[in-house]
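Data block for upload-v3.tsv (TSV, C-alpha atoms):
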chain	number	residue	atom	x	y	z
A	1	MET	CA	24.91	10.19	9.62
A	2	PRO	CA	25.63	7.68	12.41
A	3	GLU	CA	25.03	10.32	15.09
A	4	ALA	CA	21.60	11.06	13.75
A	5	LYS	CA	20.77	7.35	13.82
A	6	GLU	CA	21.91	7.05	17.41
A	7	GLU	CA	19.85	10.10	18.27
A	8	ALA	CA	16.81	8.57	16.61
A	9	LYS	CA	17.15	5.37	18.64
A	10	ARG	CA	17.39	7.16	21.96
A	11	PRO	CA	14.11	6.72	23.87
A	12	CYS	CA	12.29	9.92	24.52
A	13	PRO	CA	12.16	10.97	28.19
A	14	ARG	CA	8.37	11.01	28.17
A	15	ALA	CA	8.07	7.63	26.53
A	16	ARG	CA	5.55	6.35	29.07
A	17	GLN	CA	3.07	8.95	27.96
A	18	CYS	CA	3.14	7.63	24.43
A	19	VAL	CA	2.21	4.04	25.16
A	20	GLY	CA	-1.27	3.50	23.88
A	21	LEU	CA	-2.26	7.10	24.30
A	22	ARG	CA	-1.21	10.03	22.24
A	23	VAL	CA	-0.48	13.12	24.24
A	24	ARG	CA	-0.33	16.41	22.44
A	25	GLY	CA	2.91	18.20	22.89
A	26	ALA	CA	4.66	15.02	24.05
A	27	GLU	CA	7.27	13.27	22.00
A	28	CYS	CA	6.89	9.83	20.54
A	29	ALA	CA	8.99	6.97	21.85
A	30	SER	CA	9.45	5.31	18.52
A	31	GLY	CA	12.68	5.83	16.70
A	32	LYS	CA	11.11	7.35	13.66
A	33	ASN	CA	9.31	10.15	15.36
A	34	SER	CA	11.35	10.60	18.48
A	35	LEU	CA	12.77	13.88	17.26
A	36	GLN	CA	9.48	15.30	16.13
A	37	PRO	CA	7.13	16.87	18.63
A	38	MET	CA	3.75	15.19	18.53
A	39	GLN	CA	2.21	18.64	18.44
A	40	THR	CA	3.08	18.78	14.76
A	41	LEU	CA	1.48	15.40	14.20
A	42	GLN	CA	-1.97	16.49	15.11
A	43	ARG	CA	-3.69	13.47	13.68
A	44	ARG	CA	-1.08	10.77	14.01
A	45	ARG	CA	-0.94	8.09	16.60
A	46	CYS	CA	2.19	6.94	18.27
A	47	GLN	CA	3.78	4.10	16.41
A	48	THR	CA	4.55	2.21	19.59
A	49	ARG	CA	0.91	2.02	20.55
A	50	THR	CA	-0.20	-1.15	22.29
A	51	ARG	CA	-3.84	-0.93	21.27
A	52	PRO	CA	-4.85	-2.26	17.86
A	53	ARG	CA	-5.28	0.56	15.37
A	54	LYS	CA	-8.85	1.44	14.54
A	55	LYS	CA	-10.08	1.16	11.02
A	56	ALA	CA	-11.18	4.71	10.95
A	57	CYS	CA	-7.66	6.00	11.29
A	58	VAL	CA	-4.55	5.54	9.25
A	59	TYR	CA	-1.84	6.65	11.60
A	60	GLY	CA	-4.45	8.84	13.13
A	61	VAL	CA	-5.40	10.62	9.94
A	62	ARG	CA	-9.11	10.60	10.27
A	63	VAL	CA	-11.15	9.48	7.34
A	64	SER	CA	-13.74	11.94	8.46
A	65	GLY	CA	-13.99	13.37	11.95
A	66	ALA	CA	-17.71	13.91	11.64
A	67	THR	CA	-18.29	10.37	10.44
A	68	ILE	CA	-16.27	8.88	13.25
A	69	PHE	CA	-18.33	10.63	15.88
A	70	ALA	CA	-21.65	10.42	14.09
A	71	TYR	CA	-22.81	7.41	16.08
A	72	VAL	CA	-22.40	9.36	19.30
A	73	GLY	CA	-24.30	12.28	17.87
A	74	GLY	CA	-21.12	14.20	17.27
A	75	ASN	CA	-20.81	14.51	21.01
A	76	PRO	CA	-18.26	12.04	22.29
A	77	LEU	CA	-17.83	14.04	25.49
A	78	SER	CA	-21.15	13.16	27.03
A	79	ARG	CA	-21.96	9.94	25.23
A	80	ILE	CA	-20.43	6.52	25.13
A	81	ASP	CA	-17.76	5.56	22.65
A	82	PRO	CA	-17.82	1.74	22.80
A	83	MET	CA	-15.32	1.20	20.01
A	84	GLY	CA	-12.75	3.46	21.56
A	85	LEU	CA	-12.51	5.66	18.49
A	86	TRP	CA	-12.41	8.81	20.51
A	87	GLU	CA	-9.10	10.07	21.83
A	88	VAL	CA	-8.70	11.58	25.27
A	89	ALA	CA	-6.58	14.30	23.76
A	90	ASP	CA	-9.49	15.56	21.70
A	91	ILE	CA	-11.27	17.25	24.60
A	92	PHE	CA	-8.28	18.91	26.21
A	93	PRO	CA	-6.56	22.12	25.22
A	94	GLU	CA	-3.25	21.88	23.41
A	95	GLY	CA	-0.48	20.79	25.73
A	96	ALA	CA	-2.79	19.82	28.58
A	97	PRO	CA	-1.20	17.62	31.24
A	98	ILE	CA	-3.48	14.70	30.52
A	99	LEU	CA	-1.80	12.14	32.73
A	100	PRO	CA	-1.87	14.39	35.84
A	101	ILE	CA	-5.49	15.17	35.06
A	102	GLY	CA	-6.31	11.47	34.85
A	103	ARG	CA	-4.40	10.76	38.04
A	104	ALA	CA	-6.05	13.63	39.90
A	105	VAL	CA	-9.52	12.66	38.75
A	106	GLY	CA	-8.84	9.06	39.71
A	107	GLY	CA	-7.58	10.15	43.11
A	108	VAL	CA	-10.61	12.31	43.79
A	109	PHE	CA	-12.88	9.50	42.63
A	110	ALA	CA	-11.13	6.98	44.87
A	111	TYR	CA	-11.27	9.37	47.82
A	112	THR	CA	-14.98	9.98	47.26
A	113	GLN	CA	-15.59	6.25	46.98
A	114	GLY	CA	-13.69	5.66	50.18
A	115	VAL	CA	-15.66	8.29	52.05
A	116	LEU	CA	-19.03	7.23	50.70
A	117	THR	CA	-18.46	3.53	51.37
A	118	GLY	CA	-16.78	4.06	54.71
A	119	ASN	CA	-13.54	2.57	53.39
A	120	LYS	CA	-11.12	4.69	55.38
A	121	ALA	CA	-8.06	2.90	54.03
A	122	LEU	CA	-9.06	3.72	50.46
A	123	ALA	CA	-9.84	7.33	51.31
A	124	ASP	CA	-6.54	7.74	53.17
A	125	ALA	CA	-4.54	6.14	50.38
A	126	ALA	CA	-6.24	8.32	47.78
A	127	MET	CA	-5.64	11.45	49.82
A	128	GLU	CA	-2.01	10.52	50.29
A	129	GLY	CA	-1.64	10.05	46.56
A	130	LEU	CA	-3.28	13.39	45.86
A	131	GLN	CA	-0.96	15.13	48.28
A	132	CYS	CA	2.09	13.51	46.71
A	133	SER	CA	1.21	14.94	43.30
A	134	ARG	CA	-0.13	18.21	44.62
A	135	ALA	CA	1.80	20.48	42.27
A	136	GLU	CA	0.72	18.50	39.23
A	137	ASN	CA	-2.84	18.44	40.52
A	138	MET	CA	-2.81	22.23	40.61
A	139	ASP	CA	-1.77	22.30	36.96
A	140	ALA	CA	-4.53	19.83	36.18
A	141	LEU	CA	-7.06	21.95	38.06
A	142	GLY	CA	-6.00	25.01	36.13
A	143	VAL	CA	-6.46	23.26	32.81
A	144	VAL	CA	-9.81	21.74	33.75
A	145	LEU	CA	-11.13	25.04	35.04
A	146	SER	CA	-9.96	26.88	31.95
A	147	MET	CA	-11.69	24.43	29.64
A	148	GLY	CA	-14.99	26.23	29.95
A	149	ARG	CA	-13.50	29.23	28.28
A	150	ALA	CA	-11.72	27.14	25.70
A	151	LYS	CA	-14.97	25.50	24.71
A	152	GLY	CA	-16.54	28.85	23.99
A	153	GLY	CA	-18.53	29.94	26.98
A	154	VAL	CA	-19.97	26.66	28.17
A	155	PHE	CA	-20.17	28.05	31.67
A	156	PRO	CA	-22.49	30.82	32.80
A	157	LYS	CA	-21.31	34.37	32.39
A	158	GLY	CA	-20.85	36.46	35.50
A	159	GLY	CA	-19.03	33.75	37.41
A	160	PRO	CA	-20.30	30.57	39.06
A	161	PRO	CA	-24.10	30.23	39.45
A	162	ARG	CA	-25.58	32.46	42.17
A	163	ASP	CA	-29.02	32.92	43.65
A	164	PRO	CA	-30.61	35.85	41.78
A	165	LYS	CA	-32.14	37.23	45.00
A	166	THR	CA	-29.40	36.76	47.56
A	167	ALA	CA	-26.40	36.56	45.21
A	168	ASN	CA	-25.26	33.57	47.25
A	169	TYR	CA	-23.11	31.09	45.37
A	170	LEU	CA	-25.24	28.04	44.61
A	171	PRO	CA	-24.03	24.48	45.09
A	172	TYR	CA	-24.89	21.96	42.44
A	173	PRO	CA	-28.26	20.59	43.57
A	174	ASP	CA	-27.51	16.95	42.74
A	175	ALA	CA	-24.05	16.91	44.23
A	176	VAL	CA	-23.46	14.19	46.81
A	177	GLY	CA	-20.18	15.49	48.18
A	178	PRO	CA	-17.66	18.30	47.98
A	179	HIS	CA	-17.71	19.86	44.56
A	180	THR	CA	-17.01	22.98	42.51
A	181	THR	CA	-19.32	24.91	40.21
A	182	LEU	CA	-17.87	26.91	37.36
A	183	GLY	CA	-18.54	30.14	35.53
A	184	THR	CA	-16.87	32.63	33.26
A	185	ARG	CA	-16.14	36.06	34.65
A	186	SER	CA	-15.37	39.17	32.65
A	187	GLY	CA	-12.81	41.55	34.07
A	188	ARG	CA	-10.96	44.53	32.70
A	189	ASN	CA	-8.18	42.12	31.79
A	190	GLY	CA	-10.43	39.78	29.81
A	191	ASP	CA	-12.52	36.70	30.53
A	192	TYR	CA	-11.44	33.99	32.92
A	193	THR	CA	-12.93	30.99	34.69
A	194	GLN	CA	-14.06	31.06	38.30
A	195	GLY	CA	-14.94	28.07	40.44
A	196	ALA	CA	-17.05	28.14	43.61
A	197	THR	CA	-16.20	25.25	45.93
A	198	PHE	CA	-18.63	23.70	48.40
A	199	ASP	CA	-18.28	21.12	51.13
A	200	ARG	CA	-20.40	18.00	51.35
A	201	ASN	CA	-23.17	19.98	53.03
A	202	GLY	CA	-23.29	22.56	50.26
A	203	ARG	CA	-21.57	25.21	52.34
A	204	PHE	CA	-19.61	27.70	50.25
A	205	LEU	CA	-15.90	27.33	51.03
A	206	GLY	CA	-14.34	29.79	48.65
A	207	ARG	CA	-13.63	30.69	45.09
A	208	THR	CA	-10.90	29.85	42.63
A	209	ASP	CA	-9.95	32.43	40.01
A	210	VAL	CA	-8.15	30.96	37.02
A	211	THR	CA	-6.14	34.05	36.23
A	212	ASN	CA	-3.41	36.13	37.75
A	213	HIS	CA	-5.27	39.31	36.76
A	214	GLY	CA	-2.18	40.31	34.82
A	215	ARG	CA	-0.21	40.75	38.03
A	216	GLY	CA	2.88	39.06	39.32
A	217	ASP	CA	1.66	38.97	42.91
A	218	HIS	CA	-1.25	36.65	42.10
A	219	THR	CA	-0.79	32.97	41.31
A	220	ASN	CA	-2.78	31.37	38.52
A	221	PRO	CA	-5.06	29.95	39.73
A	222	HIS	CA	-5.51	31.58	43.13
A	223	TRP	CA	-7.95	31.12	45.95
A	224	HIS	CA	-10.34	33.47	47.77
A	225	PRO	CA	-11.62	31.92	51.02
A	226	ALA	CA	-15.31	32.45	51.72
A	227	VAL	CA	-16.25	35.19	54.16
A	228	GLY	CA	-20.01	34.88	53.70
A	229	PRO	CA	-22.29	32.92	51.37
A	230	ASN	CA	-21.73	35.50	48.63
A	231	SER	CA	-18.45	37.10	49.60
A	232	VAL	CA	-14.79	36.17	49.71
A	233	GLY	CA	-11.60	37.42	51.26
A	234	SER	CA	-8.26	38.42	49.83
A	235	ALA	CA	-6.44	36.36	47.24
A	236	GLN	CA	-4.04	33.68	48.39
A	237	PRO	CA	-2.30	30.73	46.77
A	238	ILE	CA	-4.39	27.58	46.34
A	239	PRO	CA	-4.42	25.82	49.73
B	1	MET	CA	-2.22	41.34	29.34
B	2	ASN	CA	-0.74	43.37	32.14
B	3	TRP	CA	-2.80	44.88	34.86
B	4	HIS	CA	-3.15	48.63	35.13
B	5	PRO	CA	-4.84	50.68	37.84
B	6	ILE	CA	-8.40	51.66	37.08
B	7	THR	CA	-9.00	55.29	36.16
B	8	ARG	CA	-11.70	57.38	37.73
B	9	GLU	CA	-13.56	57.46	34.41
B	10	GLU	CA	-13.47	53.67	34.08
B	11	LEU	CA	-14.73	53.30	37.63
B	12	GLU	CA	-17.59	55.74	37.13
B	13	LEU	CA	-18.64	53.82	34.04
B	14	ILE	CA	-18.65	50.53	35.94
B	15	VAL	CA	-20.66	52.04	38.81
B	16	GLN	CA	-23.16	53.57	36.40
B	17	LYS	CA	-23.66	50.24	34.64
B	18	SER	CA	-24.02	48.44	37.96
B	19	LEU	CA	-26.56	50.98	39.22
B	20	ILE	CA	-28.90	50.10	36.37
B	21	SER	CA	-29.36	46.61	37.77
B	22	LEU	CA	-30.06	47.85	41.30
B	23	PRO	CA	-33.70	47.77	42.45
B	24	GLY	CA	-35.23	51.25	42.65
B	25	ASP	CA	-35.31	51.56	46.43
B	26	LEU	CA	-31.75	50.32	46.78
B	27	ARG	CA	-30.62	52.71	44.07
B	28	GLU	CA	-32.10	55.66	45.93
B	29	HIS	CA	-30.53	54.48	49.14
B	30	PHE	CA	-27.19	54.04	47.40
B	31	GLN	CA	-27.32	57.62	46.13
B	32	CYS	CA	-27.61	58.75	49.76
B	33	VAL	CA	-24.42	57.03	50.88
B	34	ALA	CA	-22.44	57.31	47.65
B	35	GLU	CA	-19.63	59.79	47.48
B	36	GLU	CA	-17.32	61.16	44.86
B	37	PRO	CA	-14.73	58.46	44.19
B	38	ARG	CA	-11.65	59.11	46.28
B	39	GLN	CA	-8.52	57.09	46.66
B	40	VAL	CA	-7.26	55.61	49.90
B	41	PRO	CA	-3.98	53.77	50.48
B	42	CYS	CA	-4.08	50.00	50.67
B	43	ARG	CA	-1.75	47.06	50.82
B	44	ARG	CA	-2.54	43.66	49.26
B	45	GLY	CA	-1.12	40.64	51.03
B	46	GLY	CA	1.65	42.63	52.62
B	47	GLY	CA	2.79	43.90	49.22
B	48	ASN	CA	3.51	47.37	48.00
B	49	LEU	CA	1.46	50.40	48.90
B	50	GLU	CA	-1.33	50.89	46.37
B	51	LYS	CA	-4.59	52.81	46.17
B	52	LEU	CA	-8.23	51.84	46.19
B	53	PHE	CA	-11.22	53.92	45.19
B	54	VAL	CA	-13.87	54.46	47.87
B	55	ILE	CA	-17.31	54.98	46.38
B	56	ALA	CA	-19.65	54.95	49.41
B	57	THR	CA	-19.52	55.27	53.17
B	58	SER	CA	-22.04	54.11	55.74
B	59	ASN	CA	-21.79	53.59	59.46
B	60	HIS	CA	-18.00	53.79	59.58
B	61	ARG	CA	-17.73	51.29	56.79
B	62	LEU	CA	-16.43	51.86	53.29
B	63	MET	CA	-17.48	50.45	49.98
B	64	VAL	CA	-14.45	50.20	47.73
B	65	PHE	CA	-13.77	48.98	44.22
B	66	ASP	CA	-11.00	46.42	44.00
B	67	ASP	CA	-9.47	47.09	40.61
B	68	VAL	CA	-7.46	43.85	40.63
B	69	GLU	CA	-10.36	41.50	41.24
B	70	ASP	CA	-12.76	43.92	39.49
B	71	GLU	CA	-15.25	43.53	42.30
B	72	PHE	CA	-16.82	45.73	44.93
B	73	GLY	CA	-15.60	45.35	48.47
B	74	VAL	CA	-16.66	46.37	51.95
B	75	THR	CA	-14.39	47.10	54.88
B	76	MET	CA	-14.28	48.95	58.18
B	77	GLN	CA	-13.02	52.49	57.93
B	78	PRO	CA	-9.44	52.33	59.15
B	79	PRO	CA	-8.19	54.70	61.85
B	80	ALA	CA	-6.61	57.87	60.50
B	81	GLY	CA	-3.22	57.21	59.01
B	82	GLU	CA	-3.69	53.47	58.72
B	83	VAL	CA	-3.72	51.56	55.47
B	84	LEU	CA	-6.51	49.27	54.27
B	85	GLU	CA	-5.34	45.68	54.23
B	86	ASN	CA	-8.44	43.50	54.22
B	87	TRP	CA	-11.78	43.90	52.56
B	88	GLU	CA	-14.65	41.57	51.81
B	89	LEU	CA	-15.24	41.06	48.09
B	90	PHE	CA	-18.71	40.76	46.60
B	91	PRO	CA	-19.52	39.68	43.06
B	92	ASP	CA	-21.71	42.69	42.25
B	93	LEU	CA	-22.70	46.13	43.46
B	94	GLU	CA	-26.04	45.02	44.89
B	95	SER	CA	-24.64	42.33	47.13
B	96	ALA	CA	-21.81	44.63	48.18
B	97	PHE	CA	-24.27	47.37	49.05
B	98	ARG	CA	-26.39	44.95	51.05
B	99	GLY	CA	-23.20	43.89	52.76
B	100	LEU	CA	-22.44	47.52	53.55
B	101	LEU	CA	-25.91	48.11	55.00
B	102	ASN	CA	-26.36	44.85	56.86
B	103	ALA	CA	-22.91	44.68	58.35
B	104	PRO	CA	-22.81	44.65	62.16
Could the structure of this file be written out as structure tokens, please?
Amino acid sequence: MPEAKEEAKRPCPRARQCVGLRVRGAECASGKNSLQPMQTLQRRRCQTRTRPRKKACVYGVRVSGATIFAYVGGNPLSRIDPMGLWEVADIFPEGAPILPIGRAVGGVFAYTQGVLTGNKALADAAMEGLQCSRAENMDALGVVLSMGRAKGGVFPKGGPPRDPKTANYLPYPDAVGPHTTLGTRSGRNGDYTQGATFDRNGRFLGRTDVTNHGRGDHTNPHWHPAVGPNSVGSAQPIP
Amino acid sequence: MNWHPITREELELIVQKSLISLPGDLREHFQCVAEEPRQVPCRRGGGNLEKLFVIATSNHRLMVFDDVEDEFGVTMQPPAGEVLENWELFPDLESAFRGLLNAP
């Protein structure tokens, strides 16, 4: 079986994603697992990891998931995980583009930092980076926006939060810059996530629908530019 | 799941459900401008010719139901023979109706 051995030694094309961070759906760079999709190894870590393996896991097979997260109240998403026992992949849907998400979030963070601190060079560099990976950022946005539904209705029903009297879309009160609020909307074609985007002054800019409504002429996600504080215009691709 | 055009029965059910949440005075006012659902030609983003249901008319403006976005919309009544191409979408019947009434 010399051919099989050669095949096993060939580095996987997505090897970088495996270093120190397991990515669901990606393939492992190590020879042993390079032909097996990581998706089938739900609880295994990549063998070429650079971080020391945690005691709680034996090749990622958890001794007890509940026990591992007990010290963060079973809620590693909103609390601190000082020992690094929690995996990034655990909060994302299967096959989520984790690296683009991380890059996009980092870019937005850097841009915000640059704007808030008056560091124009940082803001420009971050914006340039975001524009370079625009297509991937759109994928990341789609995944992040769809997570509300995946987590079982975390977001309010009826779409993003609105003023009960005026029906105006409401910005997040503590936001210090441009941001997006989320909600789950029910349509005839099922539930989907909507995001209402605001500028730094809390002005409603438009809405993102994370669906194609079952039609080929709509992209997923797509954008509705604001017409008024509670109304939007026709669908168009994400700007 | 593939999209399919809304039927008149489906639309009437949605409008009836939405009417329940309308304040009493607005509901009475809506009954005055509401009309039997009728279809008018429309074109979305320069695409194929489709149809939209009109459910109310006031001051040369139409309230329609967009059966792709599943939202109520408001638009100017187009000249005879012309096709609807743009309409303003509101998240619920009440805000759409206020948009219909308060529009310039």
As lines of an AutoDock Vina configuration file, please report the centre and edge lengths, rounded to one decimal in Å, of the axis-aligned box that holds all listed atoms of region 67-83 of chain B with 6 Å of padding on each of the six sides.
center_x = -10.0
center_y = 49.7
center_z = 50.7
size_x = 25.6
size_y = 28.4
size_z = 34.4
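For the residues B:Ala96, B:Leu13, B:Ala56, B:Val83, ranking by smallest atom-to-atom distance to chain A using all atoms listed in the file places B:Ala96 first.
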Find the residues of chain B that sit at most 6 Å from chain A; for each, write down the nearest two atoms and how far apart they are in Å, to one decimal. Count only C-alpha atoms. Sort by chain, then by number going up, and give it as CSV.
residue,atom,partner,partner_atom,distance
B:Met1,CA,A:Gly214,CA,5.6
B:Asn2,CA,A:Gly214,CA,4.3
B:Trp3,CA,A:Gly214,CA,4.6
B:Asp70,CA,A:Gly187,CA,5.9
B:Glu88,CA,A:Gly233,CA,5.2
B:Leu89,CA,A:Val232,CA,5.2
B:Phe90,CA,A:Ser231,CA,4.7
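Going from CA of Arg61 (chain B) over to CA of Leu100 (chain B), you cover 6.8 Å.
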**OP:** Quote the spacing between CA of Thr193 (chain A) and CA of Thr208 (chain A) in Å to one decimal place.
**Re:** 8.3 Å
Original post:
With all atoms listed in the file as the atoms that count, which of B:Pro37, B:Gly81, B:Gly47, B:Gly99 lies nearest to Leu11 (chain B)?
Top reply: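 Result for the nearest residue to Leu11 (chain B): B:Pro37.
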Since the input is missing atoms, can you rebuild N, CA and C atoms for region 63-88 of chain B and write them as an mmCIF file, keeping the file's coordinate frame?
data_model
loop_
_atom_site.group_PDB
_atom_site.id
_atom_site.type_symbol
_atom_site.label_atom_id
_atom_site.label_comp_id
_atom_site.auth_asym_id
_atom_site.auth_seq_id
_atom_site.Cartn_x
_atom_site.Cartn_y
_atom_site.Cartn_z
ATOM 1 N N MET B 63 -17.359 51.314 51.154
ATOM 2 C CA MET B 63 -17.480 50.450 49.980
ATOM 3 C C MET B 63 -16.390 50.874 49.008
ATOM 4 N N VAL B 64 -15.577 49.910 48.613
ATOM 5 C CA VAL B 64 -14.450 50.200 47.730
ATOM 6 C C VAL B 64 -14.615 49.421 46.431
ATOM 7 N N PHE B 65 -13.829 49.785 45.445
ATOM 8 C CA PHE B 65 -13.770 48.980 44.220
ATOM 9 C C PHE B 65 -12.372 48.419 44.108
ATOM 10 N N ASP B 66 -12.289 47.089 44.139
ATOM 11 C CA ASP B 66 -11.000 46.420 44.000
ATOM 12 C C ASP B 66 -10.695 46.296 42.511
ATOM 13 N N ASP B 67 -9.738 47.055 42.048
ATOM 14 C CA ASP B 67 -9.470 47.090 40.610
ATOM 15 C C ASP B 67 -8.535 45.970 40.150
ATOM 16 N N VAL B 68 -8.175 45.060 41.049
ATOM 17 C CA VAL B 68 -7.460 43.850 40.630
ATOM 18 C C VAL B 68 -8.473 42.740 40.388
ATOM 19 N N GLU B 69 -9.340 42.548 41.373
ATOM 20 C CA GLU B 69 -10.360 41.500 41.240
ATOM 21 C C GLU B 69 -11.560 42.002 40.418
ATOM 22 N N ASP B 70 -11.624 43.304 40.188
ATOM 23 C CA ASP B 70 -12.760 43.920 39.490
ATOM 24 C C ASP B 70 -14.074 43.600 40.201
ATOM 25 N N GLU B 71 -14.067 43.779 41.495
ATOM 26 C CA GLU B 71 -15.250 43.530 42.300
ATOM 27 C C GLU B 71 -15.386 44.629 43.352
ATOM 28 N N PHE B 72 -16.600 44.775 43.858
ATOM 29 C CA PHE B 72 -16.820 45.730 44.930
ATOM 30 C C PHE B 72 -16.499 45.076 46.261
ATOM 31 N N GLY B 73 -15.984 45.874 47.165
ATOM 32 C CA GLY B 73 -15.600 45.350 48.470
ATOM 33 C C GLY B 73 -16.130 46.219 49.589
ATOM 34 N N VAL B 74 -16.193 45.644 50.771
ATOM 35 C CA VAL B 74 -16.660 46.370 51.950
ATOM 36 C C VAL B 74 -15.645 46.154 53.065
ATOM 37 N N THR B 75 -15.355 47.213 53.789
ATOM 38 C CA THR B 75 -14.390 47.100 54.880
ATOM 39 C C THR B 75 -14.681 48.156 55.935
ATOM 40 N N MET B 76 -14.167 47.927 57.124
ATOM 41 C CA MET B 76 -14.280 48.950 58.180
ATOM 42 C C MET B 76 -13.385 50.131 57.809
ATOM 43 N N GLN B 77 -13.844 51.303 58.176
ATOM 44 C CA GLN B 77 -13.020 52.490 57.930
ATOM 45 C C GLN B 77 -11.796 52.420 58.852
ATOM 46 N N PRO B 78 -10.621 52.468 58.295
ATOM 47 C CA PRO B 78 -9.440 52.330 59.150
ATOM 48 C C PRO B 78 -9.195 53.617 59.944
ATOM 49 N N PRO B 79 -8.557 53.497 61.092
ATOM 50 C CA PRO B 79 -8.190 54.700 61.850
ATOM 51 C C PRO B 79 -7.322 55.619 60.989
ATOM 52 N N ALA B 80 -7.366 56.900 61.300
ATOM 53 C CA ALA B 80 -6.610 57.870 60.500
ATOM 54 C C ALA B 80 -5.151 57.456 60.417
ATOM 55 N N GLY B 81 -4.632 57.514 59.215
ATOM 56 C CA GLY B 81 -3.220 57.210 59.010
ATOM 57 C C GLY B 81 -2.936 55.746 58.759
ATOM 58 N N GLU B 82 -3.932 54.902 58.961
ATOM 59 C CA GLU B 82 -3.690 53.470 58.720
ATOM 60 C C GLU B 82 -4.097 53.076 57.294
ATOM 61 N N VAL B 83 -3.543 52.003 56.857
ATOM 62 C CA VAL B 83 -3.720 51.560 55.470
ATOM 63 C C VAL B 83 -4.703 50.385 55.430
ATOM 64 N N LEU B 84 -5.579 50.397 54.439
ATOM 65 C CA LEU B 84 -6.510 49.270 54.270
ATOM 66 C C LEU B 84 -5.731 48.010 53.894
ATOM 67 N N GLU B 85 -6.036 46.926 54.574
ATOM 68 C CA GLU B 85 -5.340 45.680 54.230
ATOM 69 C C GLU B 85 -6.286 44.534 53.925
ATOM 70 N N ASN B 86 -7.484 44.581 54.470
ATOM 71 C CA ASN B 86 -8.440 43.500 54.220
ATOM 72 C C ASN B 86 -9.797 44.078 53.877
ATOM 73 N N TRP B 87 -10.419 43.502 52.894
ATOM 74 C CA TRP B 87 -11.780 43.900 52.560
ATOM 75 C C TRP B 87 -12.504 42.681 52.029
ATOM 76 N N GLU B 88 -13.816 42.692 52.217
ATOM 77 C CA GLU B 88 -14.650 41.570 51.810
ATOM 78 C C GLU B 88 -15.115 41.830 50.381
#
